[in-house]
Each structure stands twice: as C-alpha cells, then as structure tokens.
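Shown next: target-v5.cif, containing mmCIF, C-alpha atoms.
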```
data_run
#
loop_
_atom_site.group_PDB
_atom_site.id
_atom_site.type_symbol
_atom_site.label_atom_id
_atom_site.label_comp_id
_atom_site.auth_asym_id
_atom_site.auth_seq_id
_atom_site.Cartn_x
_atom_site.Cartn_y
_atom_site.Cartn_z
ATOM 1 C CA MET A 5 159.920 76.149 141.852
ATOM 2 C CA PRO A 6 161.639 75.525 145.203
ATOM 3 C CA SER A 7 162.061 72.013 146.512
ATOM 4 C CA ILE A 8 159.366 70.774 148.861
ATOM 5 C CA SER A 9 160.343 69.199 152.175
ATOM 6 C CA ALA A 10 156.888 68.793 153.730
ATOM 7 C CA ILE A 11 153.439 67.826 152.498
ATOM 8 C CA LEU A 12 150.295 68.808 154.375
ATOM 9 C CA PHE A 13 147.041 66.987 153.670
ATOM 10 C CA ASP A 14 143.363 67.624 154.082
ATOM 11 C CA ALA A 15 141.596 64.684 155.755
ATOM 12 C CA GLY A 16 137.964 64.266 154.631
ATOM 13 C CA GLY A 17 137.703 63.706 150.894
ATOM 14 C CA THR A 18 141.478 63.466 150.499
ATOM 15 C CA LEU A 19 142.842 60.780 152.820
ATOM 16 C CA VAL A 20 139.575 59.435 154.235
ATOM 17 C CA GLN A 21 135.920 59.408 153.267
ATOM 18 C CA GLY A 22 132.647 57.739 154.090
ATOM 19 C CA ALA A 23 132.229 54.190 152.872
ATOM 20 C CA MET A 24 129.841 55.819 150.411
ATOM 21 C CA PRO A 25 131.602 58.750 148.668
ATOM 22 C CA TRP A 26 129.813 62.064 149.089
ATOM 23 C CA TRP A 27 128.812 62.276 145.427
ATOM 24 C CA ASP A 28 127.039 58.900 145.606
ATOM 25 C CA PHE A 29 125.422 59.916 148.890
ATOM 26 C CA TYR A 30 123.954 63.120 147.487
ATOM 27 C CA ALA A 31 123.077 61.516 144.149
ATOM 28 C CA LEU A 32 120.914 58.960 145.955
ATOM 29 C CA ALA A 33 119.301 61.696 148.016
ATOM 30 C CA LEU A 34 118.503 63.705 144.893
ATOM 31 C CA GLN A 35 116.936 60.636 143.293
ATOM 32 C CA LEU A 36 114.660 60.302 146.314
ATOM 33 C CA THR A 37 113.545 63.908 145.845
ATOM 34 C CA ARG A 38 112.836 63.157 142.169
ATOM 35 C CA HIS A 39 115.346 65.838 141.329
ATOM 36 C CA PRO A 40 118.318 63.903 139.910
ATOM 37 C CA MET A 41 121.267 65.796 138.453
ATOM 38 C CA PRO A 42 124.097 64.763 136.117
ATOM 39 C CA LEU A 43 127.279 64.122 138.090
ATOM 40 C CA ARG A 44 129.166 67.114 136.725
ATOM 41 C CA ASP A 45 126.253 69.473 137.410
ATOM 42 C CA MET A 46 125.930 68.119 140.946
ATOM 43 C CA VAL A 47 129.642 68.658 141.656
ATOM 44 C CA VAL A 48 129.472 72.198 140.233
ATOM 45 C CA ALA A 49 126.484 72.878 142.499
ATOM 46 C CA TYR A 50 128.401 71.435 145.458
ATOM 47 C CA GLU A 51 131.415 73.654 144.784
ATOM 48 C CA THR A 52 129.175 76.683 144.254
ATOM 49 C CA ALA A 53 127.506 76.035 147.606
ATOM 50 C CA ILE A 54 130.882 75.807 149.334
ATOM 51 C CA HIS A 55 132.038 79.009 147.610
ATOM 52 C CA ARG A 56 128.946 80.881 148.800
ATOM 53 C CA MET A 57 129.292 79.505 152.307
ATOM 54 C CA VAL A 58 132.965 80.507 152.531
ATOM 55 C CA GLN A 59 132.301 83.987 151.153
ATOM 56 C CA GLU A 60 129.394 84.666 153.495
ATOM 57 C CA ARG A 61 131.243 83.403 156.560
ATOM 58 C CA GLN A 62 134.278 85.526 155.746
ATOM 59 C CA SER A 63 132.173 88.634 155.208
ATOM 60 C CA ALA A 64 130.140 88.171 158.402
ATOM 61 C CA VAL A 65 131.126 90.757 161.005
ATOM 62 C CA THR A 66 129.652 88.882 163.957
ATOM 63 C CA ALA A 67 128.051 85.514 164.315
ATOM 64 C CA ARG A 68 126.680 83.658 167.295
ATOM 65 C CA PRO A 69 128.217 80.193 167.803
ATOM 66 C CA GLY A 70 126.222 77.730 165.764
ATOM 67 C CA ALA A 71 124.261 80.515 164.054
ATOM 68 C CA ALA A 72 125.960 80.241 160.651
ATOM 69 C CA PRO A 73 124.032 78.076 158.159
ATOM 70 C CA GLY A 74 125.534 74.661 157.488
ATOM 71 C CA LEU A 75 126.578 73.345 154.091
ATOM 72 C CA ASN A 76 123.244 71.638 153.442
ATOM 73 C CA ALA A 77 121.462 74.986 153.646
ATOM 74 C CA TYR A 78 123.558 76.227 150.721
ATOM 75 C CA LEU A 79 123.321 72.924 148.874
ATOM 76 C CA ALA A 80 119.541 72.926 149.082
ATOM 77 C CA LYS A 81 119.444 76.277 147.277
ATOM 78 C CA GLU A 82 121.796 75.064 144.562
ATOM 79 C CA PHE A 83 119.766 71.874 144.146
ATOM 80 C CA GLY A 84 116.487 73.814 143.981
ATOM 81 C CA LEU A 85 115.097 72.150 147.110
ATOM 82 C CA SER A 86 113.988 73.213 150.543
ATOM 83 C CA GLN A 87 116.520 72.466 153.237
ATOM 84 C CA SER A 88 114.014 70.259 155.061
ATOM 85 C CA ARG A 89 113.358 68.164 151.932
ATOM 86 C CA LEU A 90 117.051 67.673 151.272
ATOM 87 C CA GLN A 91 117.679 66.720 154.906
ATOM 88 C CA GLN A 92 114.782 64.257 154.840
ATOM 89 C CA ALA A 93 116.231 62.585 151.748
ATOM 90 C CA LEU A 94 119.718 62.423 153.293
ATOM 91 C CA ASP A 95 118.256 60.846 156.432
ATOM 92 C CA GLU A 96 116.467 58.268 154.294
ATOM 93 C CA VAL A 97 119.718 57.351 152.539
ATOM 94 C CA LEU A 98 121.466 56.923 155.889
ATOM 95 C CA TYR A 99 118.616 54.761 157.153
ATOM 96 C CA ASP A 100 118.793 52.494 154.099
ATOM 97 C CA ARG A 101 122.602 52.571 153.849
ATOM 98 C CA PRO A 102 123.950 52.776 157.426
ATOM 99 C CA GLU A 103 127.404 51.804 156.152
ATOM 100 C CA ALA A 104 127.638 55.300 154.658
ATOM 101 C CA ARG A 105 128.509 56.562 158.149
ATOM 102 C CA ARG A 106 131.614 54.370 158.337
ATOM 103 C CA MET A 107 134.929 56.128 157.649
ATOM 104 C CA VAL A 108 137.440 54.407 155.369
ATOM 105 C CA CYS A 109 140.811 55.250 153.856
ATOM 106 C CA ILE A 110 140.815 56.474 150.293
ATOM 107 C CA ASP A 111 142.606 54.106 147.934
ATOM 108 C CA GLY A 112 146.355 54.325 148.366
ATOM 109 C CA ALA A 113 146.314 56.561 151.443
ATOM 110 C CA LYS A 114 148.420 54.318 153.681
ATOM 111 C CA GLU A 115 150.793 53.157 150.975
ATOM 112 C CA VAL A 116 151.392 56.636 149.555
ATOM 113 C CA LEU A 117 151.953 58.203 152.975
ATOM 114 C CA ALA A 118 154.355 55.398 153.878
ATOM 115 C CA GLU A 119 156.358 55.887 150.694
ATOM 116 C CA LEU A 120 156.465 59.676 150.971
ATOM 117 C CA LYS A 121 157.684 59.336 154.546
ATOM 118 C CA ARG A 122 160.320 56.839 153.420
ATOM 119 C CA ARG A 123 161.512 59.337 150.805
ATOM 120 C CA GLY A 124 162.115 61.854 153.571
ATOM 121 C CA TYR A 125 159.072 64.134 153.428
ATOM 122 C CA ARG A 126 157.583 65.530 156.600
ATOM 123 C CA LEU A 127 153.863 64.749 156.592
ATOM 124 C CA ALA A 128 150.988 66.320 158.520
ATOM 125 C CA VAL A 129 147.228 66.783 158.305
ATOM 126 C CA VAL A 130 145.461 70.153 158.482
ATOM 127 C CA SER A 131 141.706 69.724 158.249
ATOM 128 C CA ASN A 132 138.368 71.301 159.114
ATOM 129 C CA TRP A 133 137.330 68.703 161.667
ATOM 130 C CA ALA A 134 136.348 68.185 165.282
ATOM 131 C CA CYS A 135 138.985 67.693 167.970
ATOM 132 C CA ASP A 136 138.683 63.898 167.624
ATOM 133 C CA LEU A 137 140.513 63.969 164.283
ATOM 134 C CA PRO A 138 143.768 62.441 165.649
ATOM 135 C CA ASP A 139 141.788 59.525 167.104
ATOM 136 C CA SER A 140 139.817 59.069 163.875
ATOM 137 C CA LEU A 141 142.999 58.847 161.804
ATOM 138 C CA ALA A 142 144.636 56.551 164.350
ATOM 139 C CA LEU A 143 141.711 54.109 164.124
ATOM 140 C CA LEU A 144 142.388 53.879 160.390
ATOM 141 C CA GLY A 145 146.116 53.363 160.905
ATOM 142 C CA LEU A 146 147.243 56.643 159.334
ATOM 143 C CA ASP A 147 148.764 58.225 162.424
ATOM 144 C CA GLU A 148 152.047 56.337 162.181
ATOM 145 C CA TYR A 149 152.944 58.191 158.979
ATOM 146 C CA LEU A 150 152.073 61.664 160.266
ATOM 147 C CA GLU A 151 154.249 64.030 162.258
ATOM 148 C CA ALA A 152 151.246 66.043 163.423
ATOM 149 C CA VAL A 153 147.475 66.338 163.018
ATOM 150 C CA PHE A 154 145.778 69.745 163.237
ATOM 151 C CA ALA A 155 141.985 69.931 163.543
ATOM 152 C CA SER A 156 140.210 73.248 163.043
ATOM 153 C CA GLU A 157 138.227 72.832 166.259
ATOM 154 C CA THR A 158 141.482 72.551 168.206
ATOM 155 C CA LEU A 159 143.263 75.327 166.306
ATOM 156 C CA GLY A 160 140.352 77.721 166.633
ATOM 157 C CA PHE A 161 140.541 78.557 162.915
ATOM 158 C CA SER A 162 139.022 76.901 159.848
ATOM 159 C CA LYS A 163 140.288 76.762 156.293
ATOM 160 C CA PRO A 164 140.501 78.786 154.136
ATOM 161 C CA SER A 165 141.557 81.386 156.729
ATOM 162 C CA ASN A 166 145.260 82.182 156.677
ATOM 163 C CA ALA A 167 145.647 81.209 160.327
ATOM 164 C CA ALA A 168 144.372 77.684 159.672
ATOM 165 C CA PHE A 169 147.454 77.116 157.517
ATOM 166 C CA LEU A 170 149.997 79.407 159.134
ATOM 167 C CA LEU A 171 149.582 78.134 162.701
ATOM 168 C CA PRO A 172 150.394 74.523 161.741
ATOM 169 C CA LEU A 173 153.347 75.707 159.668
ATOM 170 C CA ASP A 174 154.648 77.700 162.616
ATOM 171 C CA ARG A 175 154.257 74.776 165.016
ATOM 172 C CA LEU A 176 156.108 72.530 162.586
ATOM 173 C CA GLY A 177 158.869 75.105 162.106
ATOM 174 C CA LEU A 178 158.175 75.359 158.384
ATOM 175 C CA VAL A 179 157.886 78.210 155.912
ATOM 176 C CA ALA A 180 155.086 78.028 153.370
ATOM 177 C CA ALA A 181 157.441 77.974 150.384
ATOM 178 C CA SER A 182 158.911 74.673 151.576
ATOM 179 C CA ALA A 183 155.581 72.839 151.836
ATOM 180 C CA ALA A 184 152.783 71.570 149.609
ATOM 181 C CA TYR A 185 149.118 71.177 150.475
ATOM 182 C CA VAL A 186 146.910 68.416 149.043
ATOM 183 C CA GLY A 187 143.144 68.820 149.261
ATOM 184 C CA ASP A 188 139.929 68.129 147.364
ATOM 185 C CA LEU A 189 138.040 71.439 147.681
ATOM 186 C CA TYR A 190 139.093 74.403 145.579
ATOM 187 C CA ASP A 191 137.650 77.228 147.693
ATOM 188 C CA VAL A 192 138.651 75.706 151.020
ATOM 189 C CA ASP A 193 141.931 73.941 150.283
ATOM 190 C CA ILE A 194 143.493 75.222 147.081
ATOM 191 C CA TRP A 195 142.597 78.896 147.321
ATOM 192 C CA GLY A 196 143.492 79.042 151.015
ATOM 193 C CA ALA A 197 146.789 77.205 150.587
ATOM 194 C CA SER A 198 147.805 79.329 147.597
ATOM 195 C CA ARG A 199 147.067 82.534 149.453
ATOM 196 C CA VAL A 200 149.655 81.800 152.157
ATOM 197 C CA GLY A 201 152.320 80.583 149.730
ATOM 198 C CA LEU A 202 151.908 76.806 149.930
ATOM 199 C CA THR A 203 152.226 74.762 146.737
ATOM 200 C CA PRO A 204 148.659 73.477 146.174
ATOM 201 C CA VAL A 205 147.700 70.128 144.657
ATOM 202 C CA LEU A 206 144.033 69.430 143.973
ATOM 203 C CA PHE A 207 142.803 65.892 144.560
ATOM 204 C CA ASP A 208 140.255 65.329 141.753
ATOM 205 C CA PRO A 209 139.148 61.676 141.940
ATOM 206 C CA LEU A 210 136.250 62.219 139.517
ATOM 207 C CA GLN A 211 138.639 63.763 136.972
ATOM 208 C CA LEU A 212 136.187 66.544 136.180
ATOM 209 C CA ARG A 213 138.996 69.112 135.741
ATOM 210 C CA LEU A 214 136.827 72.009 136.851
ATOM 211 C CA HIS A 215 139.973 73.992 137.701
ATOM 212 C CA PRO A 216 142.449 73.420 134.852
ATOM 213 C CA ASP A 217 144.744 76.172 136.148
ATOM 214 C CA VAL A 218 145.609 74.099 139.233
ATOM 215 C CA ARG A 219 147.986 71.158 139.434
ATOM 216 C CA SER A 220 145.786 68.121 140.143
ATOM 217 C CA VAL A 221 145.925 64.375 140.662
ATOM 218 C CA ALA A 222 143.124 61.880 140.080
ATOM 219 C CA SER A 223 144.659 59.337 142.456
ATOM 220 C CA LEU A 224 146.778 59.607 145.569
ATOM 221 C CA TRP A 225 149.236 57.268 143.848
ATOM 222 C CA GLN A 226 150.057 60.066 141.393
ATOM 223 C CA LEU A 227 151.594 62.049 144.253
ATOM 224 C CA LEU A 228 154.535 59.676 144.060
ATOM 225 C CA ASP A 229 155.246 61.000 140.558
ATOM 226 C CA LEU A 230 155.123 64.614 141.774
ATOM 227 C CA PHE A 231 157.127 64.269 144.962
ATOM 228 C CA LYS A 232 160.181 62.188 144.213
ATOM 229 C CA SER A 233 162.559 63.641 146.787
ATOM 230 C CA PRO A 234 162.674 66.616 149.207
ATOM 231 C CA ARG A 235 165.891 67.616 147.444
ATOM 232 C CA LEU A 236 164.211 67.942 144.051
ATOM 233 C CA PRO A 237 161.637 70.430 142.682
ATOM 234 C CA VAL A 238 158.076 69.183 142.300
ATOM 235 C CA ALA A 239 157.791 67.275 139.024
#
```
Step by step, read the file and then write its structure as structure tokens.
Amino acid sequence: MPSISAILFDAGGTLVQGAMPWWDFYALALQLTRHPMPLRDMVVAYETAIHRMVQERQSAVTARPGAAPGLNAYLAKEFGLSQSRLQQALDEVLYDRPEARRMVCIDGAKEVLAELKRRGYRLAVVSNWACDLPDSLALLGLDEYLEAVFASETLGFSKPSNAAFLLPLDRLGLVAASAAYVGDLYDVDIWGASRVGLTPVLFDPLQLRLHPDVRSVASLWQLLDLFKSPRLPVA
C-alpha cells in the first residue's frame, strides 16, 4: 500500500455530531411511536435507508430541486412507520431535548487532528453539508487544523458521486492514491471514496462491524495508530 500524505474527513458523524448522537435521537423517537428496535436492527435499517436513497438519487434521470425525498422518508419505510408519524416523534424529541440541536466535537477530534497535522499530514474536510460548513467547524475550533473545507452545497456535488471527491483532490493538488478518507457511512463515504481510489477508513463508534471487509476504527484516537507518518504505509 502506498504511503498516505493527506487525510480527508467527513464532518457530521465523524468529526462532529449533535449533542445527542443520531442513534439515541432516533431510538427515543421510536420509543414514542411504541415501535422500539434493538440498536443493531435500527442501525441496519438506517444504513438500508441511506443505501436506497443513494441508489434512487443516482438512477434518477431528472429531478426538480427539492423534489427528491429526504432521508426520513426512507427511514420511515424501514421503521414500518408513516413519514408523518416519524416526523412527529422526532419533533417531540427535539421539543423535550432542545440540546440535541447543539453541535459538538466527537471525542478526540481536536486532539487527533492536531497530532496528525503535527506529524505532517495534510488535512481537509469533504462533507455533504450546507455552505456554512466552514463557519460551523470554526465555531468548534476545528478550522485551525484543516487546510481546506469542502461542502457539497458549495461544490455542487454530493457524496458518493465521484466529483464530490475528485474536485477537492484536484483543488488540493492531490492524487487519490496519496490520500485516505475517514467517514461513518458505508454507502456515502466508504463506497464513494473507494471508487475513486482513496484509501477508506470507516468510523464505527458503535463497534457493530457491519462491514468487516473495510478497515475501521471505533475511536478517532485509533487513527493515530494507523497514520504514523506520511513517509510510511498505513499500519
């Protein structure tokens, strides 16, 4: 395996998340609907919904702006609920737990980015996000470790499309073989990154190991064991 000189990161679910992790958020909503699910089953349903959403959006020939169904439409089907009932439950959770809206750094994000930068890695974020992503990361103090931040709304392309990865690489003057990509969603991050030649690393904080064929870490701290130096192959 070639040495890696740059590491690109997803943002939501990898470096930052809501003060209430998404799995707790949806678990509470499902309890309100009297349709609770075991954690593993809920995560499988979540990934299945994302897979279906990605596949349908990629196969769509034309789509009016805003016409494509959102993630909750797919999740509702996987959870066996109507979309309106799921949305009502999510709204109730947000009403009772307003702190869930607050964005926080995932454990180790600042420290790991700082150490990887110190070791000589070029660091950037490539994420499906609105154009305010640079400001959002700056408010959390992550911007000082990043060479660049690329939001899908600004790029005009969303992961897992090839362009969503290749445009940032081109702007950074990198080739895919020299960079790794760290993300938490298989169909969006890992599959997309692999397809363009990036070295993918799955962030799996729940340690469910749903994709044993992919290199994964349960904690951002474990990245320091993988990426020891830009002059060395990935561990």
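Selection check: the PyMOL selection byres ((chain A and resi 18) around 10) on the shown file gives Phe13, Asp14, Ala15, Gly16, Gly17, Leu19, Val20, Gln21, Cys109, Ile110, Asp111, Ala113, Ser131, Val186, Gly187, Asp188, Leu189, Leu206, Phe207, Asp208, Pro209, Ser223 and Leu224 of chain A.
For the file at hand, the PyMOL selection byres ((chain A and resi 120) around 9) resolves to A:Ile11, A:Glu115, A:Val116, A:Leu117, A:Ala118, A:Glu119, A:Lys121, A:Arg122, A:Arg123, A:Gly124, A:Tyr125, A:Arg126, A:Leu127, A:Tyr149, A:Leu227, A:Leu228, A:Phe231, A:Lys232, A:Ser233.
Considering the residues A:Leu230, A:Leu144, A:Val129, A:Leu137 and counting all atoms listed in the file, Arg106 in chain A has its shortest atom-to-atom contact with A:Leu144.
Nearest to Leu34 in chain A of all the residues A:Val221, A:Leu90, A:Val238, A:Val48 is A:Leu90, counting all atoms listed in the file.
Taking only C-alpha atoms, the non-local environment of Glu157 in chain A within 6 Å (same-chain residues fewer than 2 positions away omitted) comprises Ala134, Cys135, Ala155, Leu159 and Gly160 of chain A.
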Mind giving me the straight-line distance from CA of Val205 in chain A to CA of Ser156 in chain A in Å, one decimal? 20.1 Å
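Using all atoms listed in the file, the nearest neighbour of Ala10 in chain A within the list A:Met41, A:Leu214, A:Ala183, A:Leu85 is A:Ala183.
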Copy range 204-229 of chain A out of the block into a file, keeping C-alpha atoms, as a PDB file, in the first residue's frame.
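Here's the written file out.pdb:
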```
ATOM      1  CA  PRO A 204     -11.148   4.379   3.032  1.00  0.00           C
ATOM      2  CA  VAL A 205     -11.401   4.128   6.815  1.00  0.00           C
ATOM      3  CA  LEU A 206     -14.814   3.546   8.370  1.00  0.00           C
ATOM      4  CA  PHE A 207     -15.549   5.306  11.646  1.00  0.00           C
ATOM      5  CA  ASP A 208     -17.637   2.760  13.607  1.00  0.00           C
ATOM      6  CA  PRO A 209     -18.188   4.197  17.105  1.00  0.00           C
ATOM      7  CA  LEU A 210     -20.832   1.589  17.980  1.00  0.00           C
ATOM      8  CA  GLN A 211     -18.426  -1.209  17.004  1.00  0.00           C
ATOM      9  CA  LEU A 212     -21.166  -3.086  15.173  1.00  0.00           C
ATOM     10  CA  ARG A 213     -18.749  -4.272  12.446  1.00  0.00           C
ATOM     11  CA  LEU A 214     -21.450  -4.406   9.797  1.00  0.00           C
ATOM     12  CA  HIS A 215     -18.764  -4.163   7.099  1.00  0.00           C
ATOM     13  CA  PRO A 216     -15.914  -6.472   8.158  1.00  0.00           C
ATOM     14  CA  ASP A 217     -14.233  -6.138   4.755  1.00  0.00           C
ATOM     15  CA  VAL A 218     -13.427  -2.470   5.431  1.00  0.00           C
ATOM     16  CA  ARG A 219     -10.669  -1.089   7.627  1.00  0.00           C
ATOM     17  CA  SER A 220     -12.447   0.550  10.579  1.00  0.00           C
ATOM     18  CA  VAL A 221     -11.799   2.398  13.818  1.00  0.00           C
ATOM     19  CA  ALA A 222     -14.100   2.607  16.830  1.00  0.00           C
ATOM     20  CA  SER A 223     -12.482   5.823  18.062  1.00  0.00           C
ATOM     21  CA  LEU A 224     -10.807   8.737  16.343  1.00  0.00           C
ATOM     22  CA  TRP A 225      -7.837   8.115  18.638  1.00  0.00           C
ATOM     23  CA  GLN A 226      -7.172   4.862  16.765  1.00  0.00           C
ATOM     24  CA  LEU A 227      -6.299   6.888  13.667  1.00  0.00           C
ATOM     25  CA  LEU A 228      -3.028   7.728  15.374  1.00  0.00           C
ATOM     26  CA  ASP A 229      -2.125   4.028  15.241  1.00  0.00           C
TER      27      ASP A 229
END
```
